[in-house]
Amino acid sequence: MKHKNWIIGIGIAAILLLSACNVTTGTPNSDEKTYKLKVGYLQANGAPLADIAVDEGFFEKEHLKVELIPFSASTDGLNALQSKKIDIGLTFGTSGPLAFISQGSDFDIIGGHMEGGHPIVVKEGNKSKYKSLQDYKGKKIGTVRLGTPDIVFKAALQESGINIEKDVTFIDFKSVTAVLEAVASGKVDVGVSGTGHLSKAEKIGLTPVLWSNDINPKHVCCRVTVRGASTEEQAVAYKKFLKGLIQAERIKLESPEKALKATKVHFKLDDKTVNEIVNEPHLHNTADPNKKEVVKMWEQMKNLGYVKNGEKIDINKHFNLSFYEQALNELIKEHPNDDYYKKQLENYKKQNT
Amino acid sequence: MKKFLQLYIYTTLIAIGLLALWVFITNFTELLNPIIFPSPEIVALAFIEAITELFQGFLSSMGLLIPAFALSLILGIGGGLYFGMNQRIREILSPFFQTFSPLPPTLFIPYAIALLPTFELASIFILFIATFWPIFLGTIEGVLLIDQHYWDNAKTLRLKGKDLILKMVLPASSPLILSGTGMSLGLSFIVLMMAEMFGANSGMGHFVQYYTDFTQYDFVLAGLIFNSIVILLIMVIYEKIKKRVLFWTNLKKTGSSI
Amino acid sequence: MTKVLERASQLDVKKNNVQNKIEAKSIFFDYDGLEILQDINLTIKEGEFIVLMGPSGSGKSTLLRLLTGLTQPKEGEIFVNHQSITQSLPDSSVVFQDYSLFPWLTAEENIMLALKQRLNKSKTKKELEQLAHNYLELVQLGHAFKKYPGEMSGGMRQRAAIARALSLGSDLMFMDEPFGALDPVTRIRLQDLVLRVNQDQQRTIVFVTHDAEEAIFLADRIVMFTPGPPGRIAEIIDVPFPKPRNRKKLIESLEFIQFRNYILGIMNKEIFEKLNQQNELLLNGNGI
């Protein structure tokens, strides 16, 4: 009897090992028309444009199958991208991919997803104390190191002549949630919050005093990131993916209620909260790579010491704008009478060259 | 039932007391922030609202936990018996055991994602890493602490191979194997949270993690309560199994005196 | 006393043409640098009942372990059936004071496990079970096949241990203070059982005890140890009472009492000498 148990045990181990070897990796099949992409996103940010594109059938039209894979930490997601477990990193921020690039990762930024939308919060009663950047002198500020708002805010303080080492005290937290609680309980004076947390921040008695857009109007957040080396199929799939995002971007601008409906699939929250996260007015969703702003953030990261030996790396080599350009040009061809895409092309030229 | 009450009367009273304190503080005082510390009624509502999601989470967590734990049991007990019985190899490798066993499982997340083909397997691996060591080290210790008399007996009976392992070494070391297994069970629920941080759409750890990200503490607490109930039930089952396996440590004389 | 010794030498003559079962030649043993056994020379004949006797610490149990082959001596060599036992355990069975059975197996399972090894898996489970029952019935444990050691009294456990030892089929049995923890009545019954095994089945038995009466009642020869460490053989004494012995008559007889006093006398003499030595050492140490 016991003998049999051992055999069963070994059998289970063997099945596990076999199943481990049998699973195919994320590279799309060369099957004539259908393309597959595994797209990783950060749960707290969601993946609104991709959700809309799925909901509106933009990917389906292009014979593109997109599998969305959630992560709780962007480093895990970027590691997965590095090790080819996913093909695209969608909402892992800008600073995250840049930090990986600074460590030698062969990542290319091919598009955008989100701009702006990060509030700086304080306790409701202290709102009047923060009128200009100079008012943050001598304060304790909670932040999530290396996050996009962290960089934007610190860079802004630096530019206004504040020494971020001496004039203010930054306290690091693991998550935005922790930052908010630290502000609410008075352990820090100011919190550098992130997109998607506004309604909860307000419920625990906090209020935004400054938006990242106020500091730097077109600052970039989540960038569409891929591995630098791509196969021909992947190149086609990336273009198709961006095509879907550009169309989704327009839907979101023109009819926010559709955005709410589409994104609800990935947010297990009530409509009001989802709407606040997805359709918050400071948050702009656009698929434009916005290279200029990314390079600007790269420089800011160097100044803040987040990027060491940045001189060795030419950040310009870590963009591949061709996918976005192709996607846009195809859309213009498909909709010759539609001015929207032409306008986007102008915008693109302004922001990327 | 009566016996249960007798045994757990104080436990039950303390639980009721804690609940009453919770109700009182959240409803009748303003000591605590109601968002971070929602009242029991709100948590109960969240619990009811999320019950299907919680059960779905339970199923997908078990989908990770059961294969990971099965693998830990097989390799932990198998490996533990092997290294316990082979002194020389154990001495050669024990510095590695001592170095690797205390490492936090989170450390392995990037490697698991990079090396294993699917996210599910990576999660299983993280759970395996966490649950393997207590069972493995418990088994080695169990073998090392086997009473010399049992070894003498096995030798005089000329027990070898399968009989030696199954009829002597395994039962004799089972008390420590089981305490290692108990530790692993407890740990596995802590690590579930980390293992479900990537690639998972549901799960007991994912649920808590997810709603923490969105500061929805009523759901977080509902998830914690659900998890506690599951852990409690699993521990009760574990204790039953333990009692059964170790029946021989707790026998009473029933025969005549001669 | 002279009469007693005369009779003993007669018994000796009878045994001369019998084969040697065990030969231990100048055995030394130490543990953690402490010398436990010193120059032990002992020959045991086929079918003989030998009792190793001495106070605790005299190394009598250690010698038994060496004879079973579970431990190797530091110096010297042991032969069982004229074969050195340094390479492989001798064909024998062992009964320990209270740890002979595996507590996670029932009485019958314990014996079946032993039988399985001895019969080299040639029998079916059913046959093994039947054989195990036979051995248990032999020691009057017919009612306790399914009992676990934890459910049995000390006496029952030792009966089962003896049944298991018998089931191994060896004609050589080692017993290490097997009845030390039993009440007097049970003890007497089990002594009778062991004697029967020795006589009916012609098995050689090496038995350790510190109880003089038990030794006299059971033994053909008693090996007296000096109080250790290190333990040495003080004397090997033939027991001058023919077997089978009637316990009641024997114990009431004057010869028995004399012989017991003789044995105890040897033991006490050794103990006193040991104590004196220690005192002298102490006195010397204090420089008085």
# chains A, B, ... in the order shown; residues from 1 in each chain; ligands from 1

$ closest_atom_pairs --of "chain C" --to "chain B" --cutoff "7 Å" --atoms "only C-alpha atoms" --output "CSV"
residue,atom,partner,partner_atom,distance
C:Leu70,CA,B:Asp152,CA,6.8
C:Ser93,CA,B:Thr156,CA,6.4
C:Val94,CA,B:Thr156,CA,6.7
C:Tyr99,CA,B:His149,CA,6.2
C:Ser100,CA,B:Asn153,CA,6.3
C:Pro103,CA,B:Trp248,CA,5.9
C:Trp104,CA,B:Trp248,CA,5.3
C:Ala114,CA,B:Leu157,CA,5.7
C:Gln117,CA,B:Arg158,CA,6.7
C:Gly150,CA,B:Leu251,CA,5.1
C:Glu151,CA,B:Lys253,CA,3.9
C:Met152,CA,B:Lys253,CA,5.3
C:Ser153,CA,B:Ser257,CA,5.5
C:Gly155,CA,B:Ile258,CA,4.9
C:Met156,CA,B:Ile258,CA,5.5
C:Thr186,CA,B:Ile258,CA,6.1

$ interface_residues --of "chain A" --to "chain B" --cutoff "6 Å" --atoms "only C-alpha atoms" --output "JSON, numbers by chain"
{"A": [69, 70, 71, 72, 79, 80, 83]}

$ select_by_dssp --residues "segment 61-286 of chain A" --states "strand (DSSP E or B)" --output "compact mmCIF listing (two decimals) with N, CA, C and O atoms, in the first residue's frame"
# COMPACT_ATOMS: atom_id res chain seq x y z
N LEU A 64 -5.45 40.43 -33.75
CA LEU A 64 -4.47 40.44 -32.65
C LEU A 64 -5.15 39.93 -31.39
O LEU A 64 -6.22 40.42 -31.00
N LYS A 65 -4.55 38.91 -30.77
CA LYS A 65 -5.09 38.38 -29.52
C LYS A 65 -4.24 38.90 -28.36
O LYS A 65 -3.04 38.62 -28.30
N VAL A 66 -4.86 39.67 -27.48
CA VAL A 66 -4.11 40.27 -26.38
C VAL A 66 -4.50 39.59 -25.08
O VAL A 66 -5.67 39.52 -24.74
N GLU A 67 -3.48 39.10 -24.38
CA GLU A 67 -3.73 38.52 -23.06
C GLU A 67 -3.18 39.49 -22.02
O GLU A 67 -2.00 39.81 -22.03
N LEU A 68 -4.05 39.97 -21.13
CA LEU A 68 -3.61 40.95 -20.13
C LEU A 68 -3.23 40.25 -18.83
O LEU A 68 -4.00 39.46 -18.30
N ILE A 69 -2.03 40.54 -18.35
CA ILE A 69 -1.53 39.84 -17.17
C ILE A 69 -1.23 40.84 -16.05
O ILE A 69 -0.42 41.75 -16.22
N PRO A 70 -1.91 40.68 -14.90
CA PRO A 70 -1.77 41.66 -13.81
C PRO A 70 -0.51 41.45 -12.96
O PRO A 70 -0.08 40.32 -12.74
N PHE A 71 0.04 42.54 -12.47
CA PHE A 71 1.15 42.50 -11.51
C PHE A 71 0.87 43.47 -10.37
O PHE A 71 0.21 44.48 -10.58
N ILE A 88 4.88 42.85 -23.77
CA ILE A 88 4.78 44.30 -23.61
C ILE A 88 4.54 44.63 -22.15
O ILE A 88 3.77 43.95 -21.46
N GLY A 89 5.24 45.68 -21.67
CA GLY A 89 4.92 46.23 -20.36
C GLY A 89 4.11 47.49 -20.61
O GLY A 89 4.58 48.41 -21.26
N PHE A 107 15.65 47.51 -23.33
CA PHE A 107 14.24 47.84 -23.48
C PHE A 107 14.09 48.98 -24.48
O PHE A 107 14.92 49.90 -24.52
N ASP A 108 13.03 48.93 -25.28
CA ASP A 108 12.69 50.05 -26.15
C ASP A 108 11.32 50.58 -25.76
O ASP A 108 10.40 49.80 -25.48
N ILE A 109 11.20 51.92 -25.77
CA ILE A 109 9.89 52.52 -25.54
C ILE A 109 9.26 52.74 -26.91
O ILE A 109 9.88 53.34 -27.80
N ILE A 110 8.06 52.22 -27.09
CA ILE A 110 7.45 52.30 -28.43
C ILE A 110 6.16 53.12 -28.43
O ILE A 110 5.63 53.43 -29.49
N GLY A 111 5.65 53.44 -27.26
CA GLY A 111 4.41 54.20 -27.23
C GLY A 111 4.13 54.70 -25.83
O GLY A 111 4.93 54.52 -24.92
N GLY A 112 2.95 55.34 -25.67
CA GLY A 112 2.59 55.86 -24.36
C GLY A 112 1.25 55.31 -23.94
O GLY A 112 0.57 54.61 -24.69
N GLU A 115 -0.52 60.14 -19.14
CA GLU A 115 0.28 61.33 -18.80
C GLU A 115 -0.39 62.06 -17.66
O GLU A 115 -1.61 62.15 -17.61
N PRO A 119 -1.60 63.40 -7.80
CA PRO A 119 -1.74 64.50 -6.86
C PRO A 119 -0.74 64.47 -5.71
O PRO A 119 -0.30 63.41 -5.28
N ILE A 120 -0.37 65.67 -5.23
CA ILE A 120 0.35 65.80 -3.96
C ILE A 120 -0.74 66.09 -2.92
O ILE A 120 -1.55 67.00 -3.13
N VAL A 121 -0.77 65.29 -1.85
CA VAL A 121 -1.88 65.46 -0.90
C VAL A 121 -1.39 65.88 0.49
O VAL A 121 -0.27 65.57 0.88
N VAL A 122 -2.28 66.63 1.17
CA VAL A 122 -2.04 66.99 2.57
C VAL A 122 -3.36 66.80 3.32
O VAL A 122 -4.40 66.56 2.70
N LYS A 123 -3.32 66.96 4.64
CA LYS A 123 -4.56 66.91 5.41
C LYS A 123 -5.44 68.09 5.02
O LYS A 123 -4.93 69.21 4.85
N LYS A 140 8.07 67.24 6.22
CA LYS A 140 8.32 65.82 6.03
C LYS A 140 7.41 65.32 4.91
O LYS A 140 6.19 65.51 4.97
N ILE A 141 8.00 64.71 3.91
CA ILE A 141 7.23 64.33 2.73
C ILE A 141 7.34 62.81 2.50
O ILE A 141 8.43 62.27 2.37
N GLY A 142 6.18 62.16 2.49
CA GLY A 142 6.17 60.72 2.23
C GLY A 142 6.10 60.46 0.73
O GLY A 142 5.37 61.13 0.02
N THR A 143 6.87 59.50 0.27
CA THR A 143 6.90 59.24 -1.17
C THR A 143 7.25 57.79 -1.44
O THR A 143 7.76 57.09 -0.55
N THR A 169 12.58 66.84 4.17
CA THR A 169 12.90 65.47 4.58
C THR A 169 11.98 64.52 3.83
O THR A 169 10.76 64.55 4.00
N PHE A 170 12.57 63.69 2.98
CA PHE A 170 11.76 62.70 2.28
C PHE A 170 11.78 61.39 3.05
O PHE A 170 12.84 60.95 3.51
N ILE A 171 10.62 60.80 3.20
CA ILE A 171 10.54 59.49 3.86
C ILE A 171 9.96 58.49 2.86
O ILE A 171 8.91 58.73 2.27
N ASP A 172 10.68 57.40 2.67
CA ASP A 172 10.28 56.42 1.65
C ASP A 172 9.24 55.44 2.17
O ASP A 172 9.33 54.97 3.31
N VAL A 190 3.25 65.81 4.11
CA VAL A 190 2.82 65.83 2.73
C VAL A 190 2.99 64.43 2.15
O VAL A 190 3.95 63.73 2.50
N GLY A 191 2.08 64.06 1.25
CA GLY A 191 2.24 62.76 0.61
C GLY A 191 2.30 62.91 -0.89
O GLY A 191 1.50 63.64 -1.48
N VAL A 192 3.27 62.26 -1.52
CA VAL A 192 3.31 62.21 -2.97
C VAL A 192 2.47 61.01 -3.37
O VAL A 192 2.89 59.87 -3.24
N LEU A 206 -7.88 63.64 3.34
CA LEU A 206 -6.78 64.30 2.65
C LEU A 206 -7.33 65.06 1.45
O LEU A 206 -8.42 64.78 0.96
N THR A 207 -6.52 65.98 0.96
CA THR A 207 -6.97 66.73 -0.19
C THR A 207 -5.76 67.03 -1.08
O THR A 207 -4.66 67.24 -0.57
N PRO A 208 -5.96 67.05 -2.41
CA PRO A 208 -4.82 67.37 -3.27
C PRO A 208 -4.51 68.87 -3.23
O PRO A 208 -5.42 69.68 -3.27
N VAL A 209 -3.22 69.22 -3.12
CA VAL A 209 -2.84 70.63 -3.14
C VAL A 209 -2.12 70.97 -4.45
O VAL A 209 -1.93 72.14 -4.77
N LEU A 210 -1.69 69.97 -5.13
CA LEU A 210 -0.87 70.20 -6.32
C LEU A 210 -0.97 68.95 -7.19
O LEU A 210 -1.01 67.84 -6.67
N TRP A 211 -1.08 69.17 -8.50
CA TRP A 211 -1.10 68.03 -9.39
C TRP A 211 0.22 67.98 -10.16
O TRP A 211 0.81 69.02 -10.47
N VAL A 220 5.33 62.56 -18.58
CA VAL A 220 4.88 61.24 -18.99
C VAL A 220 4.75 60.32 -17.79
O VAL A 220 5.46 60.43 -16.81
N ARG A 223 4.76 54.15 -19.94
CA ARG A 223 5.20 54.01 -21.34
C ARG A 223 5.04 52.57 -21.80
O ARG A 223 5.24 51.64 -21.01
N VAL A 224 4.70 52.42 -23.08
CA VAL A 224 4.61 51.07 -23.64
C VAL A 224 6.03 50.60 -23.92
O VAL A 224 6.74 51.19 -24.74
N THR A 225 6.44 49.56 -23.21
CA THR A 225 7.83 49.12 -23.27
C THR A 225 7.93 47.70 -23.82
O THR A 225 7.11 46.84 -23.47
N VAL A 226 8.90 47.49 -24.70
CA VAL A 226 9.12 46.13 -25.23
C VAL A 226 10.62 45.83 -25.15
O VAL A 226 11.41 46.72 -24.86
N ARG A 227 10.97 44.59 -25.42
CA ARG A 227 12.40 44.26 -25.52
C ARG A 227 12.93 44.78 -26.84
O ARG A 227 12.23 44.82 -27.85
N HIS A 284 -4.40 62.06 -18.49
CA HIS A 284 -4.59 61.98 -19.93
C HIS A 284 -4.05 60.66 -20.43
O HIS A 284 -2.93 60.30 -20.13

$ residues_around --residues "Met204 of chain B" --least-positions-apart "6" --cutoff "12 Å" --atoms "only C-alpha atoms" --output "VMD selection string"
chain B and resid 50 to 65 188 to 197 210 to 211 219 to 231

$ select_by_dssp --residues "segment 9-83 of chain B" --states "helix (DSSP H, G or I)" --output "PyMOL selection string"
chain B and resi 9-28+40-49+51-83

$ residues_around --residues "Leu145 of chain B" --least-positions-apart "4" --cutoff "9 Å" --atoms "only C-alpha atoms" --output "ChimeraX atom specification"
/B:140-141,172-173,176

$ residues_around --residues "segment 146-159 of chain A" --least-positions-apart "6" --cutoff "7 Å" --atoms "only C-alpha atoms" --output "list in words"
Gly93, Thr94, Ser95, His118, Leu133, Val192, Gly194, Ser212, Ile215, Cys221, Gln300 and Met301 of chain A

$ atom_distance --atom1 "atom CA of Thr231 of chain A" --atom2 "atom CA of Glu346 of chain A"
29.1 Å

$ atom_distance --atom1 "atom CA of Leu178 of chain B" --atom2 "atom CA of Pro104 of chain B"
22.1 Å

$ residues_around --residues "Gln199 of chain C" --least-positions-apart "2" --cutoff "10 Å" --atoms "only C-alpha atoms" --output "short mmCIF file (atom, residue, chain, number, x, y, z; two decimals) with N, CA, C and O atoms, in the first residue's frame"
data_model
loop_
_atom_site.label_atom_id
_atom_site.label_comp_id
_atom_site.auth_asym_id
_atom_site.auth_seq_id
_atom_site.Cartn_x
_atom_site.Cartn_y
_atom_site.Cartn_z
N GLY C 47 24.52 -23.89 23.30
CA GLY C 47 23.42 -24.31 24.18
C GLY C 47 23.55 -23.81 25.61
O GLY C 47 22.69 -24.09 26.44
N GLU C 48 24.58 -23.06 25.88
CA GLU C 48 24.81 -22.63 27.24
C GLU C 48 23.96 -21.41 27.59
O GLU C 48 23.63 -20.62 26.71
N PHE C 49 23.61 -21.32 28.89
CA PHE C 49 22.93 -20.11 29.37
C PHE C 49 23.93 -19.34 30.21
O PHE C 49 24.30 -19.76 31.29
N VAL C 194 11.97 -18.12 29.46
CA VAL C 194 13.30 -18.05 28.85
C VAL C 194 14.05 -19.37 29.07
O VAL C 194 14.72 -19.87 28.17
N LEU C 195 13.89 -19.93 30.25
CA LEU C 195 14.55 -21.21 30.51
C LEU C 195 14.02 -22.28 29.57
O LEU C 195 14.78 -23.11 29.06
N ARG C 196 12.73 -22.27 29.35
CA ARG C 196 12.14 -23.24 28.44
C ARG C 196 12.73 -23.10 27.05
O ARG C 196 13.07 -24.06 26.38
N VAL C 197 12.85 -21.84 26.63
CA VAL C 197 13.41 -21.58 25.31
C VAL C 197 14.82 -22.13 25.25
O VAL C 197 15.23 -22.77 24.28
N GLN C 201 14.64 -25.70 23.07
CA GLN C 201 15.05 -25.39 21.71
C GLN C 201 16.55 -25.33 21.53
O GLN C 201 17.04 -24.95 20.47
N GLN C 202 17.29 -25.67 22.60
CA GLN C 202 18.75 -25.72 22.49
C GLN C 202 19.35 -24.40 22.01
O GLN C 202 20.22 -24.38 21.15
N ARG C 203 18.81 -23.31 22.53
CA ARG C 203 19.36 -22.02 22.09
C ARG C 203 20.38 -21.54 23.11
O ARG C 203 20.19 -21.66 24.31
N THR C 204 21.44 -20.95 22.60
CA THR C 204 22.44 -20.33 23.48
C THR C 204 21.89 -18.97 23.89
O THR C 204 21.40 -18.22 23.04
N LYS C 243 19.89 -28.59 35.99
CA LYS C 243 18.63 -28.15 35.39
C LYS C 243 17.82 -29.38 34.98
O LYS C 243 18.42 -30.41 34.66
N PRO C 244 16.49 -29.37 34.91
CA PRO C 244 15.65 -28.22 35.29
C PRO C 244 15.64 -28.00 36.79
O PRO C 244 15.70 -28.97 37.55
#

$ atom_distance --atom1 "atom CA of Ser132 of chain A" --atom2 "atom CA of Val168 of chain A"
14.3 Å

$ decode --residues "segment 179-194 of chain C" --atoms "N, CA, C and O atoms" --output "compact mmCIF listing (two decimals), in the first residue's frame"
# COMPACT_ATOMS: atom_id res chain seq x y z
N PHE C 179 14.19 -8.12 32.12
CA PHE C 179 13.09 -8.12 33.10
C PHE C 179 13.31 -7.07 34.18
O PHE C 179 12.65 -7.07 35.20
N GLY C 180 14.25 -6.17 33.94
CA GLY C 180 14.62 -5.19 34.96
C GLY C 180 13.46 -4.35 35.43
O GLY C 180 13.42 -3.92 36.58
N ALA C 181 12.50 -4.07 34.55
CA ALA C 181 11.44 -3.14 34.91
C ALA C 181 10.12 -3.83 35.25
O ALA C 181 9.08 -3.21 35.29
N LEU C 182 10.18 -5.16 35.47
CA LEU C 182 8.93 -5.88 35.67
C LEU C 182 8.67 -6.18 37.15
O LEU C 182 9.60 -6.24 37.95
N ASP C 183 7.39 -6.38 37.46
CA ASP C 183 7.07 -6.74 38.85
C ASP C 183 7.47 -8.19 39.10
O ASP C 183 7.62 -8.97 38.15
N PRO C 184 7.64 -8.60 40.37
CA PRO C 184 8.22 -9.92 40.68
C PRO C 184 7.46 -11.09 40.06
O PRO C 184 8.09 -12.02 39.56
N VAL C 185 6.15 -11.06 40.07
CA VAL C 185 5.39 -12.20 39.57
C VAL C 185 5.62 -12.37 38.07
O VAL C 185 5.94 -13.45 37.58
N THR C 186 5.49 -11.29 37.35
CA THR C 186 5.69 -11.33 35.91
C THR C 186 7.10 -11.79 35.60
O THR C 186 7.34 -12.57 34.68
N ARG C 187 8.00 -11.31 36.40
CA ARG C 187 9.39 -11.62 36.21
C ARG C 187 9.64 -13.13 36.28
O ARG C 187 10.31 -13.70 35.44
N ILE C 188 9.05 -13.73 37.30
CA ILE C 188 9.24 -15.18 37.49
C ILE C 188 8.67 -15.93 36.29
O ILE C 188 9.28 -16.84 35.75
N ARG C 189 7.51 -15.53 35.85
CA ARG C 189 6.90 -16.23 34.70
C ARG C 189 7.77 -16.13 33.46
O ARG C 189 7.94 -17.10 32.72
N LEU C 190 8.33 -14.94 33.25
CA LEU C 190 9.14 -14.76 32.05
C LEU C 190 10.48 -15.49 32.17
O LEU C 190 11.01 -15.98 31.19
N GLN C 191 10.99 -15.58 33.40
CA GLN C 191 12.22 -16.36 33.60
C GLN C 191 11.97 -17.81 33.19
O GLN C 191 12.78 -18.43 32.49
N ASP C 192 10.84 -18.33 33.61
CA ASP C 192 10.50 -19.71 33.24
C ASP C 192 10.42 -19.86 31.72
O ASP C 192 10.88 -20.84 31.15
N LEU C 193 9.84 -18.84 31.11
CA LEU C 193 9.69 -18.88 29.65
C LEU C 193 11.07 -18.94 28.98
O LEU C 193 11.30 -19.73 28.07
N VAL C 194 11.97 -18.12 29.46
CA VAL C 194 13.30 -18.05 28.85
C VAL C 194 14.05 -19.37 29.07
O VAL C 194 14.72 -19.87 28.17
